[in-house]
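For reference, structure-v9.txt (compact mmCIF, N, CA and C atoms):
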```txt
# COMPACT_ATOMS: atom_id res chain seq x y z
N MET A 1 0.82 -1.19 0.00
CA MET A 1 0.00 0.00 0.00
C MET A 1 0.86 1.26 0.00
N VAL A 2 1.88 1.29 0.86
CA VAL A 2 2.76 2.46 0.93
C VAL A 2 3.50 2.64 -0.39
N ALA A 3 3.96 1.54 -0.98
CA ALA A 3 4.67 1.60 -2.25
C ALA A 3 3.77 2.14 -3.35
N GLU A 4 2.49 1.75 -3.33
CA GLU A 4 1.55 2.23 -4.34
C GLU A 4 1.33 3.74 -4.21
N VAL A 5 1.20 4.21 -2.97
CA VAL A 5 1.02 5.65 -2.73
C VAL A 5 2.27 6.41 -3.17
N SER A 6 3.45 5.88 -2.86
CA SER A 6 4.70 6.52 -3.27
C SER A 6 4.79 6.59 -4.78
N ASN A 7 4.43 5.52 -5.46
CA ASN A 7 4.46 5.51 -6.92
C ASN A 7 3.46 6.50 -7.51
N LEU A 8 2.28 6.59 -6.89
CA LEU A 8 1.27 7.53 -7.35
C LEU A 8 1.75 8.97 -7.18
N ILE A 9 2.35 9.27 -6.04
CA ILE A 9 2.87 10.63 -5.80
C ILE A 9 4.00 10.93 -6.77
N ALA A 10 4.91 9.99 -6.96
CA ALA A 10 6.04 10.21 -7.88
C ALA A 10 5.55 10.42 -9.30
N ALA A 11 4.51 9.69 -9.71
CA ALA A 11 3.99 9.83 -11.07
C ALA A 11 3.27 11.15 -11.27
N SER A 12 2.64 11.67 -10.22
CA SER A 12 1.88 12.92 -10.37
C SER A 12 2.73 14.16 -10.12
N THR A 13 3.92 14.00 -9.60
CA THR A 13 4.80 15.14 -9.32
C THR A 13 5.69 15.37 -10.53
N PRO A 14 5.57 16.55 -11.16
CA PRO A 14 6.42 16.80 -12.32
C PRO A 14 7.88 16.99 -11.91
N ALA A 15 8.78 16.65 -12.82
CA ALA A 15 10.19 16.89 -12.56
C ALA A 15 10.40 18.40 -12.44
N SER A 16 11.38 18.80 -11.67
CA SER A 16 11.59 20.23 -11.51
C SER A 16 11.97 20.82 -12.86
N PRO A 17 11.18 21.80 -13.31
CA PRO A 17 11.41 22.35 -14.64
C PRO A 17 12.62 23.28 -14.63
N ALA A 18 13.41 23.18 -15.66
CA ALA A 18 14.54 24.10 -15.82
C ALA A 18 14.06 25.26 -16.68
N LEU A 19 14.45 26.45 -16.29
CA LEU A 19 14.09 27.62 -17.08
C LEU A 19 14.98 27.69 -18.31
N SER A 20 14.39 28.09 -19.40
CA SER A 20 15.21 28.34 -20.59
C SER A 20 16.01 29.62 -20.32
N PRO A 21 17.10 29.84 -21.02
CA PRO A 21 17.86 31.08 -20.82
C PRO A 21 17.00 32.33 -21.02
N ALA A 22 16.10 32.30 -21.99
CA ALA A 22 15.23 33.47 -22.24
C ALA A 22 14.29 33.69 -21.06
N ASP A 23 13.69 32.62 -20.55
CA ASP A 23 12.80 32.75 -19.40
C ASP A 23 13.56 33.20 -18.16
N ALA A 24 14.75 32.66 -17.97
CA ALA A 24 15.56 33.05 -16.82
C ALA A 24 15.93 34.52 -16.89
N MET A 25 16.31 34.99 -18.07
CA MET A 25 16.68 36.40 -18.20
C MET A 25 15.47 37.29 -17.94
N THR A 26 14.32 36.92 -18.45
CA THR A 26 13.10 37.70 -18.21
C THR A 26 12.78 37.76 -16.72
N LEU A 27 12.84 36.63 -16.08
CA LEU A 27 12.57 36.57 -14.64
C LEU A 27 13.57 37.41 -13.84
N LEU A 28 14.84 37.29 -14.18
CA LEU A 28 15.87 38.01 -13.43
C LEU A 28 15.84 39.51 -13.71
N LEU A 29 15.51 39.92 -14.93
CA LEU A 29 15.37 41.35 -15.20
C LEU A 29 14.18 41.93 -14.43
N THR A 30 13.12 41.15 -14.32
CA THR A 30 11.97 41.58 -13.52
C THR A 30 12.37 41.72 -12.05
N ALA A 31 13.11 40.74 -11.55
CA ALA A 31 13.58 40.81 -10.16
C ALA A 31 14.48 42.01 -9.95
N GLU A 32 15.36 42.26 -10.92
CA GLU A 32 16.26 43.40 -10.83
C GLU A 32 15.47 44.71 -10.76
N SER A 33 14.43 44.82 -11.57
CA SER A 33 13.60 46.03 -11.57
C SER A 33 12.85 46.20 -10.25
N LEU A 34 12.36 45.10 -9.70
CA LEU A 34 11.68 45.18 -8.40
C LEU A 34 12.65 45.59 -7.30
N LEU A 35 13.87 45.11 -7.39
CA LEU A 35 14.88 45.50 -6.40
C LEU A 35 15.23 46.98 -6.55
N LEU A 36 15.26 47.49 -7.77
CA LEU A 36 15.50 48.91 -7.97
C LEU A 36 14.36 49.73 -7.37
N ALA A 37 13.14 49.22 -7.49
CA ALA A 37 11.99 49.89 -6.86
C ALA A 37 12.13 49.89 -5.34
N SER A 38 12.63 48.79 -4.78
CA SER A 38 12.82 48.75 -3.32
C SER A 38 13.91 49.72 -2.90
N LEU A 39 14.94 49.88 -3.73
CA LEU A 39 15.98 50.86 -3.44
C LEU A 39 15.40 52.27 -3.46
N ALA A 40 14.51 52.54 -4.41
CA ALA A 40 13.86 53.85 -4.47
C ALA A 40 13.06 54.12 -3.20
N LEU A 41 12.42 53.10 -2.68
CA LEU A 41 11.68 53.24 -1.43
C LEU A 41 12.62 53.57 -0.28
N VAL A 42 13.75 52.88 -0.22
CA VAL A 42 14.73 53.15 0.84
C VAL A 42 15.26 54.57 0.72
N VAL A 43 15.52 55.02 -0.50
CA VAL A 43 16.01 56.39 -0.72
C VAL A 43 14.96 57.39 -0.25
N ALA A 44 13.70 57.13 -0.57
CA ALA A 44 12.62 58.03 -0.14
C ALA A 44 12.51 58.08 1.38
N ILE A 45 12.64 56.93 2.02
CA ILE A 45 12.56 56.89 3.48
C ILE A 45 13.75 57.63 4.10
N GLY A 46 14.91 57.50 3.48
CA GLY A 46 16.12 58.10 4.03
C GLY A 46 16.36 59.54 3.63
N ALA A 47 15.46 60.12 2.82
CA ALA A 47 15.65 61.49 2.36
C ALA A 47 15.55 62.47 3.53
N PRO A 48 16.38 63.53 3.52
CA PRO A 48 16.31 64.53 4.59
C PRO A 48 14.92 65.15 4.65
N GLY A 49 14.46 65.38 5.87
CA GLY A 49 13.16 66.00 6.07
C GLY A 49 11.99 65.04 6.01
N GLN A 50 12.23 63.78 5.70
CA GLN A 50 11.15 62.80 5.65
C GLN A 50 10.96 62.19 7.03
N THR A 51 9.76 61.76 7.30
CA THR A 51 9.48 61.07 8.54
C THR A 51 10.21 59.74 8.51
N ARG A 52 11.00 59.49 9.51
CA ARG A 52 11.78 58.25 9.56
C ARG A 52 11.00 57.17 10.29
N LEU A 53 11.25 55.93 9.90
CA LEU A 53 10.67 54.82 10.63
C LEU A 53 11.40 54.71 11.95
N ALA A 54 10.69 54.39 13.00
CA ALA A 54 11.28 54.38 14.34
C ALA A 54 12.46 53.43 14.45
N ARG A 55 12.34 52.25 13.96
CA ARG A 55 13.41 51.25 14.12
C ARG A 55 13.77 50.65 12.77
N LEU A 56 14.31 51.46 11.92
CA LEU A 56 14.76 50.99 10.62
C LEU A 56 16.05 50.22 10.82
N PRO A 57 16.05 48.90 10.57
CA PRO A 57 17.22 48.09 10.87
C PRO A 57 18.45 48.53 10.06
N GLY A 58 19.45 49.04 10.76
CA GLY A 58 20.69 49.42 10.12
C GLY A 58 20.67 50.76 9.42
N GLY A 59 19.54 51.37 9.31
CA GLY A 59 19.44 52.66 8.62
C GLY A 59 19.30 52.48 7.11
N PRO A 60 18.98 53.57 6.44
CA PRO A 60 18.75 53.52 4.99
C PRO A 60 19.97 53.03 4.20
N ARG A 61 21.15 53.43 4.63
CA ARG A 61 22.35 53.04 3.88
C ARG A 61 22.55 51.52 3.87
N VAL A 62 22.32 50.88 5.02
CA VAL A 62 22.48 49.42 5.11
C VAL A 62 21.41 48.72 4.27
N LEU A 63 20.17 49.19 4.37
CA LEU A 63 19.10 48.59 3.57
C LEU A 63 19.35 48.76 2.08
N ALA A 64 19.85 49.92 1.69
CA ALA A 64 20.17 50.15 0.29
C ALA A 64 21.28 49.22 -0.17
N PHE A 65 22.28 49.02 0.67
CA PHE A 65 23.38 48.15 0.30
C PHE A 65 22.90 46.71 0.12
N VAL A 66 21.99 46.27 0.97
CA VAL A 66 21.43 44.92 0.83
C VAL A 66 20.67 44.81 -0.49
N ALA A 67 19.90 45.83 -0.84
CA ALA A 67 19.18 45.83 -2.11
C ALA A 67 20.15 45.79 -3.29
N VAL A 68 21.26 46.53 -3.18
CA VAL A 68 22.26 46.54 -4.25
C VAL A 68 22.91 45.16 -4.39
N LEU A 69 23.22 44.51 -3.27
CA LEU A 69 23.80 43.17 -3.34
C LEU A 69 22.85 42.18 -4.01
N ALA A 70 21.58 42.24 -3.63
CA ALA A 70 20.59 41.34 -4.25
C ALA A 70 20.45 41.64 -5.73
N MET A 71 20.48 42.93 -6.08
CA MET A 71 20.38 43.32 -7.48
C MET A 71 21.60 42.84 -8.28
N ALA A 72 22.77 42.93 -7.69
CA ALA A 72 23.98 42.45 -8.36
C ALA A 72 23.92 40.94 -8.58
N PHE A 73 23.37 40.23 -7.62
CA PHE A 73 23.22 38.78 -7.75
C PHE A 73 22.26 38.44 -8.89
N ALA A 74 21.11 39.15 -8.93
CA ALA A 74 20.14 38.94 -10.01
C ALA A 74 20.75 39.32 -11.36
N ALA A 75 21.53 40.39 -11.39
CA ALA A 75 22.16 40.83 -12.64
C ALA A 75 23.18 39.80 -13.13
N THR A 76 23.88 39.17 -12.20
CA THR A 76 24.84 38.13 -12.58
C THR A 76 24.12 36.98 -13.27
N GLY A 77 23.02 36.54 -12.70
CA GLY A 77 22.23 35.48 -13.33
C GLY A 77 21.68 35.90 -14.68
N ALA A 78 21.21 37.14 -14.77
CA ALA A 78 20.68 37.64 -16.05
C ALA A 78 21.79 37.73 -17.10
N ALA A 79 22.98 38.13 -16.69
CA ALA A 79 24.11 38.20 -17.62
C ALA A 79 24.50 36.81 -18.13
N ILE A 80 24.46 35.84 -17.24
CA ILE A 80 24.76 34.46 -17.66
C ILE A 80 23.71 33.99 -18.67
N SER A 81 22.45 34.31 -18.43
CA SER A 81 21.39 33.95 -19.38
C SER A 81 21.60 34.65 -20.72
N TRP A 82 22.00 35.93 -20.67
CA TRP A 82 22.27 36.68 -21.90
C TRP A 82 23.39 36.01 -22.70
N VAL A 83 24.45 35.61 -22.01
CA VAL A 83 25.57 34.94 -22.67
C VAL A 83 25.09 33.65 -23.34
N GLN A 84 24.26 32.89 -22.65
CA GLN A 84 23.75 31.64 -23.22
C GLN A 84 22.90 31.90 -24.45
N LEU A 85 22.18 33.02 -24.45
CA LEU A 85 21.31 33.32 -25.58
C LEU A 85 22.05 33.94 -26.77
N TYR A 86 22.97 34.86 -26.48
CA TYR A 86 23.50 35.68 -27.56
C TYR A 86 24.97 35.47 -27.89
N LEU A 87 25.79 35.05 -26.96
CA LEU A 87 27.21 34.93 -27.25
C LEU A 87 27.43 33.84 -28.29
N GLY A 88 28.12 34.17 -29.34
CA GLY A 88 28.36 33.22 -30.41
C GLY A 88 27.36 33.30 -31.53
N HIS A 89 26.20 33.87 -31.26
CA HIS A 89 25.21 34.03 -32.34
C HIS A 89 24.40 35.31 -32.11
N ILE A 90 25.13 36.43 -32.21
CA ILE A 90 24.49 37.75 -32.15
C ILE A 90 23.57 37.85 -33.38
N PRO A 91 22.37 38.35 -33.20
CA PRO A 91 21.45 38.46 -34.34
C PRO A 91 22.06 39.30 -35.47
N SER A 92 21.73 38.93 -36.70
CA SER A 92 22.29 39.64 -37.84
C SER A 92 21.46 40.86 -38.24
N ASP A 93 20.17 40.84 -37.96
CA ASP A 93 19.35 42.00 -38.33
C ASP A 93 19.48 43.09 -37.27
N ALA A 94 19.44 44.32 -37.71
CA ALA A 94 19.69 45.48 -36.84
C ALA A 94 18.72 45.56 -35.64
N PRO A 95 17.41 45.40 -35.83
CA PRO A 95 16.52 45.51 -34.67
C PRO A 95 16.82 44.48 -33.57
N SER A 96 17.06 43.25 -33.96
CA SER A 96 17.36 42.21 -32.96
C SER A 96 18.71 42.46 -32.30
N ARG A 97 19.66 42.95 -33.05
CA ARG A 97 20.98 43.28 -32.49
C ARG A 97 20.85 44.41 -31.48
N ILE A 98 20.04 45.42 -31.80
CA ILE A 98 19.83 46.54 -30.87
C ILE A 98 19.18 46.04 -29.58
N VAL A 99 18.21 45.14 -29.72
CA VAL A 99 17.55 44.58 -28.54
C VAL A 99 18.55 43.82 -27.67
N SER A 100 19.40 43.01 -28.29
CA SER A 100 20.37 42.24 -27.50
C SER A 100 21.36 43.15 -26.79
N ILE A 101 21.78 44.22 -27.44
CA ILE A 101 22.71 45.18 -26.80
C ILE A 101 22.00 45.94 -25.69
N ALA A 102 20.75 46.33 -25.93
CA ALA A 102 19.99 47.04 -24.90
C ALA A 102 19.79 46.16 -23.66
N LEU A 103 19.56 44.87 -23.87
CA LEU A 103 19.39 43.96 -22.74
C LEU A 103 20.65 43.89 -21.88
N ILE A 104 21.80 43.68 -22.51
CA ILE A 104 23.02 43.56 -21.71
C ILE A 104 23.37 44.90 -21.06
N ALA A 105 23.09 46.00 -21.74
CA ALA A 105 23.35 47.31 -21.14
C ALA A 105 22.50 47.50 -19.89
N THR A 106 21.24 47.11 -19.97
CA THR A 106 20.35 47.23 -18.81
C THR A 106 20.82 46.34 -17.67
N ILE A 107 21.21 45.12 -18.01
CA ILE A 107 21.68 44.17 -17.00
C ILE A 107 22.89 44.73 -16.26
N VAL A 108 23.80 45.37 -16.98
CA VAL A 108 25.04 45.85 -16.38
C VAL A 108 24.86 47.21 -15.68
N VAL A 109 24.13 48.11 -16.31
CA VAL A 109 24.05 49.49 -15.81
C VAL A 109 23.18 49.61 -14.55
N GLU A 110 22.10 48.86 -14.47
CA GLU A 110 21.16 49.03 -13.35
C GLU A 110 21.81 48.82 -11.98
N PRO A 111 22.59 47.75 -11.76
CA PRO A 111 23.22 47.61 -10.44
C PRO A 111 24.29 48.67 -10.17
N ILE A 112 24.97 49.13 -11.22
CA ILE A 112 25.98 50.19 -11.03
C ILE A 112 25.28 51.48 -10.61
N TYR A 113 24.20 51.80 -11.28
CA TYR A 113 23.41 52.98 -10.91
C TYR A 113 22.90 52.87 -9.47
N ALA A 114 22.39 51.70 -9.13
CA ALA A 114 21.88 51.49 -7.77
C ALA A 114 22.99 51.67 -6.73
N LEU A 115 24.18 51.17 -7.04
CA LEU A 115 25.30 51.32 -6.11
C LEU A 115 25.65 52.79 -5.93
N LEU A 116 25.69 53.55 -7.01
CA LEU A 116 26.01 54.97 -6.91
C LEU A 116 24.96 55.72 -6.08
N VAL A 117 23.70 55.39 -6.30
CA VAL A 117 22.62 56.01 -5.52
C VAL A 117 22.76 55.65 -4.04
N SER A 118 23.04 54.38 -3.75
CA SER A 118 23.14 53.96 -2.35
C SER A 118 24.34 54.61 -1.65
N LEU A 119 25.42 54.85 -2.38
CA LEU A 119 26.58 55.49 -1.78
C LEU A 119 26.29 56.95 -1.41
N GLY A 120 25.32 57.55 -2.10
CA GLY A 120 24.96 58.93 -1.81
C GLY A 120 24.00 59.10 -0.66
N LEU A 121 23.50 58.00 -0.10
CA LEU A 121 22.57 58.08 1.04
C LEU A 121 23.28 58.51 2.31
N ARG A 122 22.54 59.18 3.14
CA ARG A 122 23.05 59.53 4.46
C ARG A 122 22.34 58.68 5.50
N GLY A 123 23.04 58.43 6.57
CA GLY A 123 22.42 57.71 7.69
C GLY A 123 22.51 56.27 7.51
```
What does this structure look like when you write it as structure tokens?
Amino acid sequence: MVAEVSNLIAASTPASPALSPADAMTLLLTAESLLLASLALVVAIGAPGQTRLARLPGGPRVLAFVAVLAMAFAATGAAISWVQLYLGHIPSDAPSRIVSIALIATIVVEPIYALLVSLGLRG
């Protein structure tokens, strides 16, 4: 009986799906954008003259740095996905080539921008 239940569960449980490089890049770019939004929230909270949260753990600068680290991690994954998609076979038509360059530029620039913003925070 136990073996039958185990076999039934194993048969109904799908294998863990692997994301395609395109799906992974889409997911990671979305995560990167959400992290940038969280950084914007931290910047707004830490702005001079704004009402501060009573017990903000570590202050705005620490929270911003954590967001930047998470964003850099997501950007690393997105860059790896970009390499899997485009390295070795850059599209030959101009529109697709522009899209591929815009994607890698976004992947690289967003965490750098976030780091510069977080370094400018006070507190």
- Near-segment 23-32 of chain A list (8 Å; only N, CA and C atoms; drop same-chain fewer than 4 positions) as a ChimeraX atom specification: /A:18-19,36-38,70-75,77-82,106-107,110-111
Any chance you can output those residues with N, CA and C atoms as a PDB file, keeping the file's coordinate frame?
```pdb
ATOM      1  N   ALA A  18      13.410  23.180 -15.660  1.00  0.00           N
ATOM      2  CA  ALA A  18      14.540  24.100 -15.820  1.00  0.00           C
ATOM      3  C   ALA A  18      14.060  25.260 -16.680  1.00  0.00           C
ATOM      4  N   LEU A  19      14.450  26.450 -16.290  1.00  0.00           N
ATOM      5  CA  LEU A  19      14.090  27.620 -17.080  1.00  0.00           C
ATOM      6  C   LEU A  19      14.980  27.690 -18.310  1.00  0.00           C
ATOM      7  N   LEU A  36      15.260  47.490  -7.770  1.00  0.00           N
ATOM      8  CA  LEU A  36      15.500  48.910  -7.970  1.00  0.00           C
ATOM      9  C   LEU A  36      14.360  49.730  -7.370  1.00  0.00           C
ATOM     10  N   ALA A  37      13.140  49.220  -7.490  1.00  0.00           N
ATOM     11  CA  ALA A  37      11.990  49.890  -6.860  1.00  0.00           C
ATOM     12  C   ALA A  37      12.130  49.890  -5.340  1.00  0.00           C
ATOM     13  N   SER A  38      12.630  48.790  -4.780  1.00  0.00           N
ATOM     14  CA  SER A  38      12.820  48.750  -3.320  1.00  0.00           C
ATOM     15  C   SER A  38      13.910  49.720  -2.900  1.00  0.00           C
ATOM     16  N   ALA A  70      21.580  42.240  -3.630  1.00  0.00           N
ATOM     17  CA  ALA A  70      20.590  41.340  -4.250  1.00  0.00           C
ATOM     18  C   ALA A  70      20.450  41.640  -5.730  1.00  0.00           C
ATOM     19  N   MET A  71      20.480  42.930  -6.080  1.00  0.00           N
ATOM     20  CA  MET A  71      20.380  43.320  -7.480  1.00  0.00           C
ATOM     21  C   MET A  71      21.600  42.840  -8.280  1.00  0.00           C
ATOM     22  N   ALA A  72      22.770  42.930  -7.690  1.00  0.00           N
ATOM     23  CA  ALA A  72      23.980  42.450  -8.360  1.00  0.00           C
ATOM     24  C   ALA A  72      23.920  40.940  -8.580  1.00  0.00           C
ATOM     25  N   PHE A  73      23.370  40.230  -7.620  1.00  0.00           N
ATOM     26  CA  PHE A  73      23.220  38.780  -7.750  1.00  0.00           C
ATOM     27  C   PHE A  73      22.260  38.440  -8.890  1.00  0.00           C
ATOM     28  N   ALA A  74      21.110  39.150  -8.930  1.00  0.00           N
ATOM     29  CA  ALA A  74      20.140  38.940 -10.010  1.00  0.00           C
ATOM     30  C   ALA A  74      20.750  39.320 -11.360  1.00  0.00           C
ATOM     31  N   ALA A  75      21.530  40.390 -11.390  1.00  0.00           N
ATOM     32  CA  ALA A  75      22.160  40.830 -12.640  1.00  0.00           C
ATOM     33  C   ALA A  75      23.180  39.800 -13.130  1.00  0.00           C
ATOM     34  N   GLY A  77      23.020  36.540 -12.700  1.00  0.00           N
ATOM     35  CA  GLY A  77      22.230  35.480 -13.330  1.00  0.00           C
ATOM     36  C   GLY A  77      21.680  35.900 -14.680  1.00  0.00           C
ATOM     37  N   ALA A  78      21.210  37.140 -14.770  1.00  0.00           N
ATOM     38  CA  ALA A  78      20.680  37.640 -16.050  1.00  0.00           C
ATOM     39  C   ALA A  78      21.790  37.730 -17.100  1.00  0.00           C
ATOM     40  N   ALA A  79      22.980  38.130 -16.690  1.00  0.00           N
ATOM     41  CA  ALA A  79      24.110  38.200 -17.620  1.00  0.00           C
ATOM     42  C   ALA A  79      24.500  36.810 -18.130  1.00  0.00           C
ATOM     43  N   ILE A  80      24.460  35.840 -17.240  1.00  0.00           N
ATOM     44  CA  ILE A  80      24.760  34.460 -17.660  1.00  0.00           C
ATOM     45  C   ILE A  80      23.710  33.990 -18.670  1.00  0.00           C
ATOM     46  N   SER A  81      22.450  34.310 -18.430  1.00  0.00           N
ATOM     47  CA  SER A  81      21.390  33.950 -19.380  1.00  0.00           C
ATOM     48  C   SER A  81      21.600  34.650 -20.720  1.00  0.00           C
ATOM     49  N   TRP A  82      22.000  35.930 -20.670  1.00  0.00           N
ATOM     50  CA  TRP A  82      22.270  36.680 -21.900  1.00  0.00           C
ATOM     51  C   TRP A  82      23.390  36.010 -22.700  1.00  0.00           C
ATOM     52  N   THR A 106      21.240  47.110 -19.970  1.00  0.00           N
ATOM     53  CA  THR A 106      20.350  47.230 -18.810  1.00  0.00           C
ATOM     54  C   THR A 106      20.820  46.340 -17.670  1.00  0.00           C
ATOM     55  N   ILE A 107      21.210  45.120 -18.010  1.00  0.00           N
ATOM     56  CA  ILE A 107      21.680  44.170 -17.000  1.00  0.00           C
ATOM     57  C   ILE A 107      22.890  44.730 -16.260  1.00  0.00           C
ATOM     58  N   GLU A 110      22.100  48.860 -14.470  1.00  0.00           N
ATOM     59  CA  GLU A 110      21.160  49.030 -13.350  1.00  0.00           C
ATOM     60  C   GLU A 110      21.810  48.820 -11.980  1.00  0.00           C
ATOM     61  N   PRO A 111      22.590  47.750 -11.760  1.00  0.00           N
ATOM     62  CA  PRO A 111      23.220  47.610 -10.440  1.00  0.00           C
ATOM     63  C   PRO A 111      24.290  48.670 -10.170  1.00  0.00           C
TER      64      PRO A 111
END
```
- Task: Work out how far apart atom CA of Pro91 of chain A and atom C of Ser33 of chain A are and give it in Å to one decimal.
- Result: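 Going from atom CA of Pro91 of chain A over to atom C of Ser33 of chain A covers 26.7 Å.
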- Between atom CA of Gly88 of chain A and atom C of Val68 of chain A, measure the distance and give it in Å to one decimal.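 Separation of atom CA of Gly88 of chain A and atom C of Val68 of chain A: 29.1 Å.
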- Shortest interatomic distance to Ala64 of chain A - which of A:Ile112, A:Val117, A:Ile90, A:Ala22, counting only C-alpha atoms: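 Smallest separation from Ala64 of chain A among the options: A:Val117.
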- Could you tell me how far atom CA of Phe65 of chain A lies from atom CA of Ala40 of chain A, in Å and to one decimal? 12.1 Å
- Query: Using only N, CA and C atoms, which of A:Val42, A:Ala94, A:Ala102, A:Leu87 sits nearest Arg61 of chain A?
  - Reply: A:Val42
- Message: Report as a PyMOL selection string all protein, DNA and RNA residues lying within 8 Å of Ser118 of chain A, evaluated on only N, CA and C atoms, omitting residues in the same chain fewer than 2 positions from it.
- Response: chain A and resi 39+43+60-65+68+112-116+120-122
With 8 Å of padding per side, what axis-aligned box (centre and edge lengths, Å, one decimal) covers all the listed atoms of segment 33-43 of chain A? Give it as JSON.
```
{"center_x": 13.8, "center_y": 51.1, "center_z": -5.4, "size_x": 20.3, "size_y": 28.6, "size_z": 28.4}
```
